[in-house]
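To keep things clear, I will list the structure first and then write my remarks on it.
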Amino acid sequence: MKNNKTAFYLITAYVIMQLSGALFAPLIFRFLNSQEGMGEAQAKLLASGWWIFISMSVATLISVAIIRKDKSFLNNLKGKKSSIPASIGWGILGFFMVLIGQSIAALIESALGIDPGSDNTATFVRIAAAAPVAILSIAIFAPILEELIFRRVIFGSLVQKSNFFIAGAVSAIVFAIIHFDFTHILLYAVSGFIFAFLYYKTKRIWTSIISHMLLNGFVVLVQLNKENIERYQKYLETLSNSQ
C-alpha cells in the first residue's frame with residue numbers, strides 16, 4: 001500500500017512538471033523578451049531551457065525526497081540484486097546495447113521510408129545550445145525522472161502481475177508515446193525495452209539510469225558538435241583520397 005502511494009506521488013510530481021511549462025515558461029519569455037538586445041527567438045529558447053532546468057531539478061529533488069520516505073520502494077523486484085560494480089558495468093554495457101538497438105530500429109525506419117533525424121531531439125539540442133544549463137536536465141534529471149516513472153512505477157508494477165516481455169513492451173510503448181515523436185516511436189520503444197531489461201537484470205534502477213544518462217549525454221554532445229564532426233570526417237576523406 002505504501003509503495004502505491006509513493007508511485008502516485010511520483011507520477012503526480014512528474015505530470016505537474018510536464019504541465020508547468022505552459023504556465024511558467026511564457027512568464028520567463030516575457031521577462032527575457034523585454035530585455036534590450038534580446039531577440040524573440042533567442043528569448044523563447046532561453047525561456048524553455050531555463051524552465052526545463054528549473055522544473056526538472058525541482059521534480060527530481062521532490063522525487064528523491066518522496067522515495068527516501070519509502071525505503072522499500074526500490075526493492076520491489078524479486079530476486080537478488082546485482083553487486084554495485086556489476087550494476088555499473090551493466091549500465092555502461094547497456095549504453096552500447098541501446099546504441100545498437102537504435103541503429104537496428106533506424107534501419108527498419110529507413111526501410112519503411114521514414115527520414116532519419118528526430119524533431120524532438122533537434123528541438124532539445126537547439127534549446128541546449130542557447131541555454132547550456134538545460135544540458136544538466138537532459139543528461140541527468142530527465143533520465144532519473146523517466147526511469148523512476150517508466151521503469152520502476154510502470155514496468156515494476158506490471159512485471160509483478162504479468163511477465164518481463166509484456167511489462168517491458170507496455171512500459172516501452174508508453175515511454176515512446178510520452179516523447180510525442182510518433183514518427184520515430186520505434187527508436188524510443190527499443191530504448192525503453194532495453195532500459196527495462198537492464199533494470200530487470202540487475203534489480204537496481206540505477207543501472208538503467210546510468211545507461212539513460214550516457215545515452216542522452218552522448219546524443220547531446222554529438223549533436224552540439226555535429227558541424228565539427230562533419231568537418232573532421234571530410235578532412236579524413238581528403239587525407240584518404242590523397243594517398
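Letters A, B, ... mark the chains of the C-alpha cells in the order given; residue numbers begin at 1 per chain; ligand numbers begin at 1, in order shown.
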
Near-Phe29 of chain A list (10 Å; only C-alpha atoms; drop same-chain fewer than 3 positions) as a compact mmCIF listing (two decimals) with C-alpha atoms, in the first residue's frame:
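Done, and the output landed in out12.txt:
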```
# COMPACT_ATOMS: atom_id res chain seq x y z
CA PHE A 24 5.73 29.43 -16.25
CA ALA A 25 7.81 29.30 -19.46
CA PRO A 26 5.74 32.15 -21.03
CA LEU A 32 13.61 37.91 -21.31
CA ASN A 33 11.90 39.37 -24.37
CA SER A 34 11.63 42.71 -22.59
CA GLU A 40 12.24 36.87 -29.72
CA ALA A 41 13.63 33.56 -30.99
CA GLN A 42 16.53 33.65 -28.55
CA ALA A 43 14.19 34.60 -25.69
CA LYS A 44 11.96 31.59 -26.46
CA LEU A 45 14.90 29.17 -26.43
CA LEU A 46 16.33 30.65 -23.23
CA ALA A 47 12.95 30.57 -21.50
CA SER A 48 12.44 26.95 -22.49
CA TRP A 50 15.76 27.62 -18.03
CA TRP A 51 12.31 26.26 -17.28
```

Mind checking DSSP for segment 103-135 of chain A and telling me the alpha helix (DSSP H) residues as a list of chain:residue names?
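DSSP on the backbone gives alpha helix (DSSP H) at A:Ser103, A:Ile104, A:Ala105, A:Ala106, A:Leu107, A:Ile108, A:Glu109, A:Ser110, A:Ala111, A:Asp119, A:Asn120, A:Thr121, A:Ala122, A:Thr123, A:Phe124, A:Val125, A:Arg126, A:Ile127, A:Ala128, A:Ala129, A:Ala130, A:Ala134, A:Ile135.
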
How would the residues just chosen look if you wrote them out with N, CA, C and O atoms as a PDB file, in the first residue's frame?
```pdb
ATOM      1  N   SER A 103      20.271   1.652 -33.744  1.00  0.00           N
ATOM      2  CA  SER A 103      20.785   1.540 -35.113  1.00  0.00           C
ATOM      3  C   SER A 103      19.925   0.573 -35.925  1.00  0.00           C
ATOM      4  O   SER A 103      19.590   0.844 -37.084  1.00  0.00           O
ATOM      5  N   ILE A 104      19.550  -0.537 -35.293  1.00  0.00           N
ATOM      6  CA  ILE A 104      18.685  -1.511 -35.973  1.00  0.00           C
ATOM      7  C   ILE A 104      17.308  -0.898 -36.239  1.00  0.00           C
ATOM      8  O   ILE A 104      16.736  -1.051 -37.316  1.00  0.00           O
ATOM      9  N   ALA A 105      16.780  -0.186 -35.225  1.00  0.00           N
ATOM     10  CA  ALA A 105      15.479   0.464 -35.383  1.00  0.00           C
ATOM     11  C   ALA A 105      15.525   1.510 -36.492  1.00  0.00           C
ATOM     12  O   ALA A 105      14.573   1.660 -37.266  1.00  0.00           O
ATOM     13  N   ALA A 106      16.652   2.229 -36.584  1.00  0.00           N
ATOM     14  CA  ALA A 106      16.801   3.251 -37.629  1.00  0.00           C
ATOM     15  C   ALA A 106      16.817   2.615 -39.018  1.00  0.00           C
ATOM     16  O   ALA A 106      16.261   3.171 -39.973  1.00  0.00           O
ATOM     17  N   LEU A 107      17.441   1.444 -39.121  1.00  0.00           N
ATOM     18  CA  LEU A 107      17.458   0.736 -40.402  1.00  0.00           C
ATOM     19  C   LEU A 107      16.047   0.308 -40.805  1.00  0.00           C
ATOM     20  O   LEU A 107      15.666   0.396 -41.984  1.00  0.00           O
ATOM     21  N   ILE A 108      15.274  -0.146 -39.816  1.00  0.00           N
ATOM     22  CA  ILE A 108      13.890  -0.543 -40.082  1.00  0.00           C
ATOM     23  C   ILE A 108      13.077   0.675 -40.520  1.00  0.00           C
ATOM     24  O   ILE A 108      12.293   0.601 -41.486  1.00  0.00           O
ATOM     25  N   GLU A 109      13.271   1.793 -39.825  1.00  0.00           N
ATOM     26  CA  GLU A 109      12.550   3.023 -40.195  1.00  0.00           C
ATOM     27  C   GLU A 109      12.928   3.465 -41.606  1.00  0.00           C
ATOM     28  O   GLU A 109      12.069   3.884 -42.384  1.00  0.00           O
ATOM     29  N   SER A 110      14.207   3.360 -41.919  1.00  0.00           N
ATOM     30  CA  SER A 110      14.668   3.744 -43.250  1.00  0.00           C
ATOM     31  C   SER A 110      14.026   2.873 -44.325  1.00  0.00           C
ATOM     32  O   SER A 110      13.631   3.365 -45.391  1.00  0.00           O
ATOM     33  N   ALA A 111      13.918   1.570 -44.027  1.00  0.00           N
ATOM     34  CA  ALA A 111      13.290   0.642 -44.980  1.00  0.00           C
ATOM     35  C   ALA A 111      11.821   0.969 -45.186  1.00  0.00           C
ATOM     36  O   ALA A 111      11.247   0.695 -46.245  1.00  0.00           O
ATOM     37  N   ASP A 119      12.807  15.282 -34.648  1.00  0.00           N
ATOM     38  CA  ASP A 119      12.452  16.683 -34.370  1.00  0.00           C
ATOM     39  C   ASP A 119      12.535  16.969 -32.879  1.00  0.00           C
ATOM     40  O   ASP A 119      12.927  18.068 -32.469  1.00  0.00           O
ATOM     41  N   ASN A 120      12.163  15.983 -32.076  1.00  0.00           N
ATOM     42  CA  ASN A 120      12.202  16.140 -30.623  1.00  0.00           C
ATOM     43  C   ASN A 120      13.636  16.383 -30.158  1.00  0.00           C
ATOM     44  O   ASN A 120      13.910  17.298 -29.371  1.00  0.00           O
ATOM     45  N   THR A 121      14.563  15.567 -30.663  1.00  0.00           N
ATOM     46  CA  THR A 121      15.974  15.725 -30.302  1.00  0.00           C
ATOM     47  C   THR A 121      16.524  17.050 -30.809  1.00  0.00           C
ATOM     48  O   THR A 121      17.247  17.756 -30.093  1.00  0.00           O
ATOM     49  N   ALA A 122      16.171  17.404 -32.044  1.00  0.00           N
ATOM     50  CA  ALA A 122      16.653  18.650 -32.638  1.00  0.00           C
ATOM     51  C   ALA A 122      16.202  19.865 -31.821  1.00  0.00           C
ATOM     52  O   ALA A 122      16.972  20.811 -31.621  1.00  0.00           O
ATOM     53  N   THR A 123      14.977  19.818 -31.328  1.00  0.00           N
ATOM     54  CA  THR A 123      14.453  20.920 -30.514  1.00  0.00           C
ATOM     55  C   THR A 123      15.231  21.055 -29.219  1.00  0.00           C
ATOM     56  O   THR A 123      15.629  22.164 -28.828  1.00  0.00           O
ATOM     57  N   PHE A 124      15.469  19.934 -28.543  1.00  0.00           N
ATOM     58  CA  PHE A 124      16.220  19.970 -27.290  1.00  0.00           C
ATOM     59  C   PHE A 124      17.659  20.427 -27.504  1.00  0.00           C
ATOM     60  O   PHE A 124      18.228  21.115 -26.647  1.00  0.00           O
ATOM     61  N   VAL A 125      18.243  20.064 -28.632  1.00  0.00           N
ATOM     62  CA  VAL A 125      19.617  20.479 -28.926  1.00  0.00           C
ATOM     63  C   VAL A 125      19.675  21.989 -29.146  1.00  0.00           C
ATOM     64  O   VAL A 125      20.606  22.658 -28.675  1.00  0.00           O
ATOM     65  N   ARG A 126      18.693  22.545 -29.850  1.00  0.00           N
ATOM     66  CA  ARG A 126      18.646  23.997 -30.051  1.00  0.00           C
ATOM     67  C   ARG A 126      18.504  24.715 -28.716  1.00  0.00           C
ATOM     68  O   ARG A 126      19.140  25.742 -28.476  1.00  0.00           O
ATOM     69  N   ILE A 127      17.672  24.164 -27.850  1.00  0.00           N
ATOM     70  CA  ILE A 127      17.487  24.757 -26.528  1.00  0.00           C
ATOM     71  C   ILE A 127      18.785  24.676 -25.725  1.00  0.00           C
ATOM     72  O   ILE A 127      19.190  25.637 -25.070  1.00  0.00           O
ATOM     73  N   ALA A 128      19.454  23.510 -25.787  1.00  0.00           N
ATOM     74  CA  ALA A 128      20.698  23.317 -25.041  1.00  0.00           C
ATOM     75  C   ALA A 128      21.795  24.239 -25.548  1.00  0.00           C
ATOM     76  O   ALA A 128      22.625  24.727 -24.770  1.00  0.00           O
ATOM     77  N   ALA A 129      21.810  24.496 -26.857  1.00  0.00           N
ATOM     78  CA  ALA A 129      22.815  25.394 -27.432  1.00  0.00           C
ATOM     79  C   ALA A 129      22.601  26.820 -26.940  1.00  0.00           C
ATOM     80  O   ALA A 129      23.559  27.558 -26.691  1.00  0.00           O
ATOM     81  N   ALA A 130      21.337  27.221 -26.812  1.00  0.00           N
ATOM     82  CA  ALA A 130      21.011  28.578 -26.358  1.00  0.00           C
ATOM     83  C   ALA A 130      21.148  28.711 -24.847  1.00  0.00           C
ATOM     84  O   ALA A 130      21.600  29.745 -24.348  1.00  0.00           O
ATOM     85  N   ALA A 134      20.410  23.690 -19.644  1.00  0.00           N
ATOM     86  CA  ALA A 134      19.431  22.643 -19.965  1.00  0.00           C
ATOM     87  C   ALA A 134      20.095  21.284 -20.180  1.00  0.00           C
ATOM     88  O   ALA A 134      19.435  20.251 -20.089  1.00  0.00           O
ATOM     89  N   ILE A 135      21.406  21.289 -20.482  1.00  0.00           N
ATOM     90  CA  ILE A 135      22.121  20.033 -20.690  1.00  0.00           C
ATOM     91  C   ILE A 135      22.072  19.179 -19.426  1.00  0.00           C
ATOM     92  O   ILE A 135      21.972  17.947 -19.491  1.00  0.00           O
TER      93      ILE A 135
END
```

Hey, what's within 8 Å of Arg204 of chain A if we count only C-alpha atoms and toss same-chain stuff fewer than 6 positions away? As a compact mmCIF listing (two decimals) with N, CA, C and O atoms, in the first residue's frame, please?
```txt
# COMPACT_ATOMS: atom_id res chain seq x y z
N LEU A 74 12.33 0.90 -3.85
CA LEU A 74 13.28 0.49 -4.87
C LEU A 74 13.68 -0.98 -4.74
O LEU A 74 14.59 -1.45 -5.42
N LYS A 81 19.77 -8.70 -5.89
CA LYS A 81 20.31 -7.57 -6.63
C LYS A 81 21.75 -7.85 -7.06
O LYS A 81 22.51 -8.51 -6.36
N SER A 82 22.11 -7.34 -8.22
CA SER A 82 23.49 -7.44 -8.67
C SER A 82 24.36 -6.56 -7.78
O SER A 82 23.87 -5.59 -7.18
N SER A 87 26.38 -3.78 -11.45
CA SER A 87 25.30 -2.91 -11.89
C SER A 87 25.83 -1.74 -12.71
O SER A 87 25.23 -1.35 -13.73
```

Might you pull out every residue within 9 Å of Ala176 of chain A, with only C-alpha atoms counted and same-chain residues fewer than 2 positions away left off, and present them as a list in words?
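The neighbour list is Ser171, Ala172, Ile173, Val174, Ile178, His179, Phe180, Asp181, Phe182, His184, Ile185, Leu186, Leu187, Tyr188, Ala189, Val190, Ser191 and Gly192 of chain A.
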
Write to file, as a CSV table (one decimal), in the first residue's frame, the residues of the selection just made, with all heavy atoms.
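Output contents, as saved in part.csv:
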```
chain,number,residue,atom,x,y,z
A,171,SER,N,5.6,-0.8,-21.0
A,171,SER,CA,6.4,0.4,-20.5
A,171,SER,C,7.2,1.1,-21.6
A,171,SER,O,7.3,2.3,-21.6
A,171,SER,CB,7.3,-0.1,-19.3
A,171,SER,OG,8.3,-1.0,-19.8
A,172,ALA,N,7.7,0.3,-22.5
A,172,ALA,CA,8.5,0.9,-23.6
A,172,ALA,C,7.6,1.7,-24.5
A,172,ALA,O,8.0,2.8,-25.0
A,172,ALA,CB,9.2,-0.3,-24.4
A,173,ILE,N,6.4,1.2,-24.8
A,173,ILE,CA,5.5,1.9,-25.7
A,173,ILE,C,5.0,3.2,-25.0
A,173,ILE,O,4.9,4.2,-25.7
A,173,ILE,CB,4.3,1.0,-26.0
A,173,ILE,CG1,4.7,-0.2,-26.9
A,173,ILE,CG2,3.2,1.8,-26.7
A,173,ILE,CD1,3.7,-1.2,-27.2
A,174,VAL,N,4.7,3.1,-23.7
A,174,VAL,CA,4.3,4.3,-23.0
A,174,VAL,C,5.4,5.3,-23.0
A,174,VAL,O,5.2,6.5,-23.2
A,174,VAL,CB,3.8,4.0,-21.6
A,174,VAL,CG1,3.5,5.3,-20.8
A,174,VAL,CG2,2.6,3.1,-21.6
A,178,ILE,N,5.1,9.1,-24.7
A,178,ILE,CA,5.2,10.4,-23.9
A,178,ILE,C,6.2,11.3,-24.5
A,178,ILE,O,6.3,12.5,-24.2
A,178,ILE,CB,5.6,10.0,-22.5
A,178,ILE,CG1,5.2,11.1,-21.5
A,178,ILE,CG2,7.1,9.8,-22.3
A,178,ILE,CD1,3.7,11.3,-21.4
A,179,HIS,N,7.1,10.9,-25.4
A,179,HIS,CA,8.1,11.8,-26.1
A,179,HIS,C,7.4,12.6,-27.2
A,179,HIS,O,8.1,13.5,-27.8
A,179,HIS,CB,9.3,11.0,-26.5
A,179,HIS,CG,10.2,10.7,-25.4
A,179,HIS,ND1,10.1,9.6,-24.6
A,179,HIS,CD2,11.4,11.3,-25.0
A,179,HIS,CE1,11.0,9.5,-23.7
A,179,HIS,NE2,11.8,10.5,-23.9
A,180,PHE,N,6.2,12.2,-27.6
A,180,PHE,CA,5.5,12.9,-28.7
A,180,PHE,C,6.3,13.1,-30.0
A,180,PHE,O,6.2,14.1,-30.6
A,180,PHE,CB,5.0,14.3,-28.2
A,180,PHE,CG,4.1,14.2,-27.0
A,180,PHE,CD1,4.6,14.5,-25.7
A,180,PHE,CD2,2.8,13.8,-27.1
A,180,PHE,CE1,3.7,14.4,-24.6
A,180,PHE,CE2,1.9,13.7,-26.0
A,180,PHE,CZ,2.4,14.0,-24.8
A,181,ASP,N,7.0,12.0,-30.3
A,181,ASP,CA,7.7,12.0,-31.6
A,181,ASP,C,7.3,10.7,-32.3
A,181,ASP,O,8.1,9.8,-32.4
A,181,ASP,CB,9.2,12.0,-31.4
A,181,ASP,CG,10.0,12.3,-32.6
A,181,ASP,OD1,9.4,12.4,-33.7
A,181,ASP,OD2,11.3,12.4,-32.6
A,182,PHE,N,6.1,10.7,-32.8
A,182,PHE,CA,5.5,9.4,-33.3
A,182,PHE,C,6.1,8.9,-34.5
A,182,PHE,O,6.0,7.7,-34.8
A,182,PHE,CB,4.0,9.7,-33.5
A,182,PHE,CG,3.3,10.1,-32.2
A,182,PHE,CD1,2.8,11.4,-32.0
A,182,PHE,CD2,3.1,9.2,-31.2
A,182,PHE,CE1,2.2,11.7,-30.9
A,182,PHE,CE2,2.5,9.5,-30.0
A,182,PHE,CZ,2.0,10.8,-29.8
A,184,HIS,N,9.2,8.5,-35.0
A,184,HIS,CA,10.4,7.7,-34.5
A,184,HIS,C,10.0,6.9,-33.3
A,184,HIS,O,10.9,6.7,-32.4
A,184,HIS,CB,11.6,8.6,-34.3
A,184,HIS,CG,12.1,9.3,-35.5
A,184,HIS,ND1,12.7,8.6,-36.6
A,184,HIS,CD2,11.9,10.6,-35.9
A,184,HIS,CE1,13.0,9.5,-37.5
A,184,HIS,NE2,12.5,10.7,-37.2
A,185,ILE,N,8.8,6.5,-33.2
A,185,ILE,CA,8.3,5.8,-31.9
A,185,ILE,C,9.1,4.5,-31.7
A,185,ILE,O,9.3,4.1,-30.6
A,185,ILE,CB,6.8,5.6,-32.0
A,185,ILE,CG1,6.3,5.2,-30.6
A,185,ILE,CG2,6.4,4.6,-33.1
A,185,ILE,CD1,4.8,5.2,-30.5
A,186,LEU,N,9.5,3.9,-32.8
A,186,LEU,CA,10.2,2.6,-32.7
A,186,LEU,C,11.6,2.9,-32.0
A,186,LEU,O,12.0,2.0,-31.2
A,186,LEU,CB,10.5,2.0,-34.1
A,186,LEU,CG,11.2,0.7,-34.1
A,186,LEU,CD1,10.4,-0.4,-33.4
A,186,LEU,CD2,11.4,0.2,-35.6
A,187,LEU,N,12.3,4.0,-32.3
A,187,LEU,CA,13.5,4.3,-31.6
A,187,LEU,C,13.4,4.4,-30.1
A,187,LEU,O,14.2,3.8,-29.4
A,187,LEU,CB,14.1,5.6,-32.2
A,187,LEU,CG,14.8,5.5,-33.6
A,187,LEU,CD1,15.1,6.9,-34.0
A,187,LEU,CD2,16.0,4.6,-33.6
A,188,TYR,N,12.4,5.1,-29.7
A,188,TYR,CA,12.1,5.3,-28.3
A,188,TYR,C,11.7,4.0,-27.6
A,188,TYR,O,12.1,3.7,-26.5
A,188,TYR,CB,11.1,6.4,-28.0
A,188,TYR,CG,11.6,7.8,-28.4
A,188,TYR,CD1,11.2,8.4,-29.6
A,188,TYR,CD2,12.4,8.4,-27.5
A,188,TYR,CE1,11.7,9.6,-29.9
A,188,TYR,CE2,12.9,9.7,-27.8
A,188,TYR,CZ,12.5,10.3,-29.0
A,188,TYR,OH,13.0,11.6,-29.3
A,189,ALA,N,10.9,3.2,-28.3
A,189,ALA,CA,10.4,2.0,-27.7
A,189,ALA,C,11.5,0.9,-27.5
A,189,ALA,O,11.5,0.3,-26.5
A,189,ALA,CB,9.3,1.4,-28.7
A,190,VAL,N,12.4,0.9,-28.5
A,190,VAL,CA,13.5,0.0,-28.4
A,190,VAL,C,14.4,0.4,-27.2
A,190,VAL,O,14.8,-0.5,-26.4
A,190,VAL,CB,14.4,0.0,-29.7
A,190,VAL,CG1,15.7,-0.7,-29.5
A,190,VAL,CG2,13.6,-0.7,-30.8
A,191,SER,N,14.6,1.6,-27.1
A,191,SER,CA,15.4,2.1,-25.9
A,191,SER,C,14.8,1.8,-24.6
A,191,SER,O,15.4,1.3,-23.7
A,191,SER,CB,15.6,3.7,-26.0
A,191,SER,OG,16.3,4.0,-27.2
A,192,GLY,N,13.5,2.1,-24.5
A,192,GLY,CA,12.7,1.8,-23.3
A,192,GLY,C,12.7,0.3,-22.9
A,192,GLY,O,12.8,0.0,-21.8
```

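Distances here use only C-alpha atoms; by that measure, the residue among A:Val15, A:Met213, A:Asp70, A:Ser20 closest to Ala142 of chain A is A:Met213.
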
From atom CA of Phe193 of chain A to atom CA of Gly168 of chain A the spacing works out at 5.4 Å

Name the residues in contact with segment 4-9 of chain A at a cut-off of 10 Å, using only C-alpha atoms, excluding same-chain residues fewer than 4 positions from it; report them as a VMD selection string.
chain A and resid 13 to 15 62 to 63 66 to 70 73 148 to 149 152 to 154 157

Which residue out of A:Asn76, A:Gln160, A:Ser208, A:Asn3 has the minimum interatomic distance to Glu146 of chain A when only C-alpha atoms are used?
A:Ser208

Length of the atom CA of Met17 of chain A to atom CA of Leu215 of chain A vector [Å]
22.1 Å

Considering only C-alpha atoms, state which residue in the set A:Val64, A:Ile92, A:Ile140, A:Leu198 is at the smallest distance from Phe155 of chain A.
A:Leu198
